[in-house]
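J.: Below is the file data_34.cif, with mmCIF, C-alpha atoms and all ligand atoms.
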```
data_input
#
loop_
_atom_site.label_atom_id
_atom_site.label_comp_id
_atom_site.auth_asym_id
_atom_site.auth_seq_id
_atom_site.Cartn_x
_atom_site.Cartn_y
_atom_site.Cartn_z
CA LEU A 30 -152.42 46.10 122.26
CA GLU A 31 -151.51 48.78 119.75
CA ASP A 32 -153.61 46.92 117.14
CA LEU A 33 -156.56 46.69 119.53
CA LYS A 34 -156.27 50.41 120.31
CA LYS A 35 -156.20 51.26 116.61
CA PHE A 36 -159.13 48.92 115.91
CA MET A 37 -161.17 50.51 118.70
CA SER A 38 -160.43 54.06 117.65
CA ASP A 39 -161.53 53.17 114.10
CA PHE A 40 -164.73 51.48 115.34
CA ASN A 41 -167.83 53.51 114.49
CA GLY A 42 -170.50 51.23 115.98
CA CYS A 43 -170.86 53.09 119.28
CA ASP A 44 -172.48 56.55 119.30
CA LEU A 45 -170.50 57.65 122.35
CA LYS A 46 -167.56 58.15 120.02
CA LYS A 47 -169.40 61.03 118.33
CA THR A 48 -169.67 63.13 121.49
CA ALA A 49 -166.33 62.21 123.06
CA THR A 50 -163.07 64.07 122.40
CA GLN A 51 -161.01 60.92 122.02
CA LEU A 52 -160.65 57.25 122.82
CA VAL A 53 -159.44 56.58 126.36
CA PHE A 54 -157.64 53.26 126.05
CA SER A 55 -155.43 52.57 129.07
CA ASP A 56 -152.75 53.69 131.46
CA GLY A 57 -150.10 51.92 133.50
CA ASN A 58 -147.95 48.91 132.80
CA PRO A 59 -149.32 46.28 130.37
CA LYS A 60 -146.90 43.72 131.83
CA SER A 61 -148.22 44.04 135.37
CA ASN A 62 -150.10 41.36 137.31
CA VAL A 63 -153.03 43.58 138.22
CA MET A 64 -155.56 44.92 135.73
CA ILE A 65 -158.03 47.49 137.00
CA ILE A 66 -161.27 48.06 135.15
CA GLY A 67 -163.36 51.19 135.67
CA GLU A 68 -166.64 52.31 134.15
CA ALA A 69 -166.04 55.06 131.61
CA PRO A 70 -163.96 58.21 131.19
CA GLY A 71 -165.08 61.45 132.82
CA ALA A 72 -164.35 65.01 131.68
CA GLU A 73 -160.65 65.06 132.59
CA GLU A 74 -160.04 61.59 131.13
CA ASP A 75 -161.77 62.69 127.92
CA ARG A 76 -159.44 65.70 127.74
CA GLN A 77 -156.22 63.83 128.50
CA GLY A 78 -157.03 60.50 126.84
CA LYS A 79 -155.99 58.66 130.00
CA PRO A 80 -158.18 56.68 132.43
CA PHE A 81 -158.56 57.81 136.04
CA CYS A 82 -156.64 61.08 135.78
CA GLY A 83 -159.30 63.29 137.43
CA ALA A 84 -160.46 63.53 141.05
CA SER A 85 -161.43 59.87 141.37
CA GLY A 86 -158.12 58.88 139.78
CA LYS A 87 -156.25 60.73 142.52
CA LEU A 88 -158.14 58.74 145.13
CA LEU A 89 -157.54 55.53 143.17
CA ASP A 90 -153.80 56.29 143.26
CA LYS A 91 -153.97 56.72 147.04
CA MET A 92 -155.87 53.45 147.39
CA LEU A 93 -153.22 51.68 145.31
CA ALA A 94 -150.40 53.32 147.28
CA SER A 95 -151.92 51.98 150.52
CA ILE A 96 -151.05 48.46 149.34
CA ASN A 97 -147.77 49.48 147.77
CA LEU A 98 -149.01 49.65 144.19
CA ASP A 99 -148.75 52.44 141.65
CA ARG A 100 -149.25 52.95 137.92
CA ASN A 101 -146.00 51.14 137.13
CA LYS A 102 -147.33 48.07 138.88
CA VAL A 103 -150.92 48.05 137.57
CA TYR A 104 -152.65 48.38 134.22
CA ILE A 105 -155.85 50.44 134.04
CA THR A 106 -158.69 50.54 131.55
CA ASN A 107 -162.46 51.09 131.45
CA VAL A 108 -165.42 49.06 130.17
CA ILE A 109 -166.37 52.01 127.96
CA PRO A 110 -163.55 53.88 126.19
CA TRP A 111 -165.49 57.07 125.34
CA ARG A 112 -166.94 59.58 127.78
CA PRO A 113 -170.74 59.30 128.03
CA PRO A 114 -172.32 62.79 127.65
CA GLY A 115 -172.61 64.52 131.04
CA ASN A 116 -170.95 61.48 132.68
CA ARG A 117 -174.16 59.49 132.59
CA THR A 118 -173.93 55.78 133.40
CA PRO A 119 -173.33 53.72 130.26
CA THR A 120 -176.41 51.84 129.07
CA GLU A 121 -176.62 48.05 128.97
CA ASN A 122 -176.54 48.31 125.19
CA GLU A 123 -173.33 50.32 125.21
CA ILE A 124 -171.78 47.89 127.66
CA SER A 125 -172.66 44.79 125.66
CA LEU A 126 -171.43 46.47 122.49
CA MET A 127 -168.03 47.25 124.00
CA LYS A 128 -167.61 44.14 126.14
CA PRO A 129 -165.93 41.99 123.44
CA PHE A 130 -163.23 44.67 123.16
CA LEU A 131 -162.73 44.58 126.92
CA LEU A 132 -162.47 40.77 126.95
CA ARG A 133 -159.89 40.90 124.16
CA HIS A 134 -158.04 43.59 126.09
CA ILE A 135 -157.88 41.30 129.15
CA GLU A 136 -156.70 38.36 127.02
CA LEU A 137 -153.87 40.44 125.60
CA VAL A 138 -152.68 41.71 128.99
CA GLU A 139 -153.09 38.32 130.73
CA PRO A 140 -153.12 39.80 134.25
CA LYS A 141 -152.90 37.54 137.31
CA ILE A 142 -155.84 39.32 138.91
CA LEU A 143 -158.61 41.67 137.84
CA VAL A 144 -160.12 44.42 139.95
CA ALA A 145 -163.53 45.70 138.83
CA VAL A 146 -164.07 49.16 140.19
CA GLY A 147 -167.68 50.17 140.84
CA GLY A 148 -171.04 48.62 140.07
CA SER A 149 -171.07 49.19 136.34
CA ALA A 150 -167.73 47.49 135.65
CA SER A 151 -168.52 44.65 138.05
CA LYS A 152 -171.88 43.98 136.44
CA ALA A 153 -170.41 44.21 132.96
CA ILE A 154 -167.84 41.52 133.68
CA LEU A 155 -169.52 39.33 136.27
CA ASN A 156 -173.20 39.71 135.39
CA PHE A 157 -173.98 40.47 139.03
CA GLU A 158 -177.49 41.55 139.96
CA GLY A 159 -178.24 44.09 142.68
CA GLY A 160 -176.04 46.64 144.40
CA ILE A 161 -172.26 46.47 144.63
CA LEU A 162 -172.33 46.49 148.43
CA ARG A 163 -173.68 42.92 148.21
CA TYR A 164 -170.86 41.45 146.16
CA ARG A 165 -167.79 43.63 146.66
CA GLY A 166 -164.82 41.96 148.30
CA ILE A 167 -165.72 38.46 147.07
CA TRP A 168 -163.29 36.69 144.78
CA LYS A 169 -164.75 35.10 141.65
CA GLU A 170 -163.13 33.81 138.48
CA ILE A 171 -163.69 34.61 134.86
CA SER A 172 -162.83 32.26 132.02
CA LEU A 173 -161.65 33.75 128.78
CA SER A 174 -161.85 32.26 125.31
CA ASN A 175 -158.12 31.49 125.27
CA SER A 176 -158.73 29.20 128.30
CA LEU A 177 -157.25 31.68 130.76
CA VAL A 178 -159.01 31.73 134.13
CA ILE A 179 -158.48 34.93 136.11
CA PRO A 180 -159.48 35.73 139.71
CA ILE A 181 -161.53 38.90 139.94
CA ILE A 182 -162.71 41.04 142.82
CA ALA A 183 -165.23 43.89 142.77
CA THR A 184 -164.60 46.95 144.89
CA LEU A 185 -166.13 50.37 145.49
CA HIS A 186 -165.58 53.15 142.99
CA PRO A 187 -163.41 56.05 144.22
CA ALA A 188 -166.04 58.50 142.92
CA TYR A 189 -168.52 56.81 145.28
CA LEU A 190 -166.00 56.92 148.13
CA LEU A 191 -165.55 60.66 147.58
CA ARG A 192 -169.29 61.05 148.14
CA ALA A 193 -169.50 58.48 150.94
CA PRO A 194 -166.15 58.58 152.79
CA ASN A 195 -167.52 56.47 155.64
CA GLN A 196 -167.49 53.52 153.21
CA LYS A 197 -163.71 53.71 152.84
CA LYS A 198 -163.32 51.00 155.47
CA LEU A 199 -165.00 48.54 153.10
CA ALA A 200 -162.65 49.53 150.28
CA TRP A 201 -159.73 49.03 152.68
CA GLU A 202 -160.94 45.45 153.32
CA ASP A 203 -160.93 44.85 149.57
CA LEU A 204 -157.48 46.38 149.17
CA LYS A 205 -156.08 44.12 151.88
CA SER A 206 -157.67 41.15 150.17
CA ILE A 207 -156.00 42.17 146.89
CA ARG A 208 -152.67 42.50 148.68
CA SER A 209 -153.02 38.96 150.14
CA LYS A 210 -154.03 37.50 146.80
CA LEU A 211 -150.97 39.00 145.14
CA LYS A 212 -148.76 37.66 147.89
CA GLU A 213 -150.32 34.20 147.46
CA LEU A 214 -149.68 34.31 143.72
CA ASN A 215 -146.08 35.40 144.20
CA ASP A 216 -145.27 32.78 146.87
N1 LIG B 301 -164.25 56.82 136.46
C1 LIG B 301 -164.05 55.67 135.80
O1 LIG B 301 -164.74 54.68 136.01
N2 LIG B 301 -163.06 55.63 134.92
C2 LIG B 301 -162.26 56.66 134.68
O2 LIG B 301 -161.36 56.53 133.86
C3 LIG B 301 -162.48 57.85 135.39
C4 LIG B 301 -163.48 57.91 136.27
#
```
Would you encode the structure as structure tokens?
T.:
Amino acid sequence: LEDLKKFMSDFNGCDLKKTATQLVFSDGNPKSNVMIIGEAPGAEEDRQGKPFCGASGKLLDKMLASINLDRNKVYITNVIPWRPPGNRTPTENEISLMKPFLLRHIELVEPKILVAVGGSASKAILNFEGGILRYRGIWKEISLSNSLVIPIIATLHPAYLLRAPNQKKLAWEDLKSIRSKLKELND
């Protein structure tokens, strides 16, 4: 992981690096069963070099706590490791450029389950079409080049939930589904 981080911070093929303060690589426990994948760092993440440490990170922590998880029990990264200017959504080009790094990142962590947070991350990994409300909460699998097959679920982004709190009940369904899946895997 340290090698991957170094390799990514030395990579000059993505213009987002030029406007960002620093690479935002990951947070949490790399030995945990759950790997959470967000979209891209925002202003606070860009400052601190840590994913989900701003307002949406606080809500993410609460969501995790509701199913008895915290940053010692999950590992967190983003599809895009540099803050897009003005927090714009990453382009398809930027996503396909950075996706091989993300896939390598997943292979190195070897989580038991993946949680894609928000539409951008879900589409990047699962090639979904259409809005996230159509495919959140549904378990799929991804196959990695080292023959690992990992269950993955898409859920709503905490930044979206802050704007649309009445959708929290859907996120709660997803969280319960994650809790059951983890229980299944541990039994
Ligand atoms: N939103 C994301 O998708 N990732 C972060 O790290 C912060 C906000």
J.: Quick one: residues within 12 Å of Arg117 of chain A, only C-alpha atoms, excluding same-chain residues fewer than 6 positions away - as a list in words?
T.: Leu45, Glu68, Ala69, Pro70, Gly71, Ala72, Ile109, Trp111, Glu123 and Ser149 of chain A
J.: Taking all atoms listed in the file into account, list the residues no farther than 10 Å from ligand LIG 301 (chain B), as a PyMOL selection string.
T.: chain A and resi 53-56+65-75+78-87+89+105-112+116+118+145-150+186-189
J.: Smallest atom-to-atom distance to Ser174 of chain A: which of A:Pro129, A:Pro140, A:Gly115, A:Gly159, using all atoms listed in the file?
T.: A:Pro129
J.: Find, counting all atoms listed in the file, the residue in A:Leu137, A:Leu211, A:Leu132, A:Leu199 that gets nearest to Ser172 of chain A.
T.: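 Answer, going by the shortest atom-to-atom distance: A:Leu132.
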J.: Using atom CA of Pro119 of chain A and atom CA of Val144 of chain A as the two end points, give the distance in Å to one decimal.
T.: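 Those two atoms sit 18.8 Å apart.
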J.: Could you tell me how far atom CA of Ser61 of chain A lies from atom CA of Asn101 of chain A, in Å and to one decimal?
T.: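 For atom CA of Ser61 of chain A relative to atom CA of Asn101 of chain A, the distance reads 7.6 Å.
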J.: Could you state the separation of atom CA of Gly166 of chain A and atom CA of Ser151 of chain A in Å, given to one decimal place?
T.: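 Atom-to-atom, atom CA of Gly166 of chain A to atom CA of Ser151 of chain A, that is 11.2 Å.
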J.: Which one is closest to Ile142 of chain A: A:Ile124, A:Leu52, A:Ile154, A:Val103? Count all atoms listed in the file.
T.: A:Val103
J.: Give the answer as one residue: which of A:Ile181, A:Leu204, A:Leu190, A:Val138 has the shortest atom-to-atom distance to Glu31 of chain A, using only C-alpha atoms?
T.: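 When distances to Glu31 of chain A are compared using only C-alpha atoms, the smallest one comes from A:Val138.
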J.: Considering only C-alpha atoms, can you say which of A:Ile167, A:Ala193, A:Ile161, A:Cys43 comes closest to Ser206 of chain A?
T.: A:Ile167
J.: Which residue is closest to Ser95 of chain A? Choose from A:Lys210, A:Lys60, A:Lys205, A:Lys198 and count all atoms listed in the file.
T.: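 Between A:Lys210, A:Lys60, A:Lys205, A:Lys198, the residue approaching Ser95 of chain A most closely is A:Lys205.
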J.: Could you work out an axis-aligned box for segment 88-99 of chain A, taking every atom the file lists and adding 6 Å on each side, and report centre and edge lengths in Å to one decimal, as AutoDock Vina command-line options?
T.:
```
--center_x -153.0 --center_y 53.6 --center_z 146.1 --size_x 22.4 --size_y 22.3 --size_z 20.9
```
J.: I'd like the neighbourhood of Phe40 of chain A as number ranges by chain, where a residue qualifies if any of its atoms comes within 12 Å (using all atoms listed in the file), though same-chain residues fewer than 6 positions away should be ignored.
T.: A: 33-34, 46-47, 52, 110-111, 126-127, 130
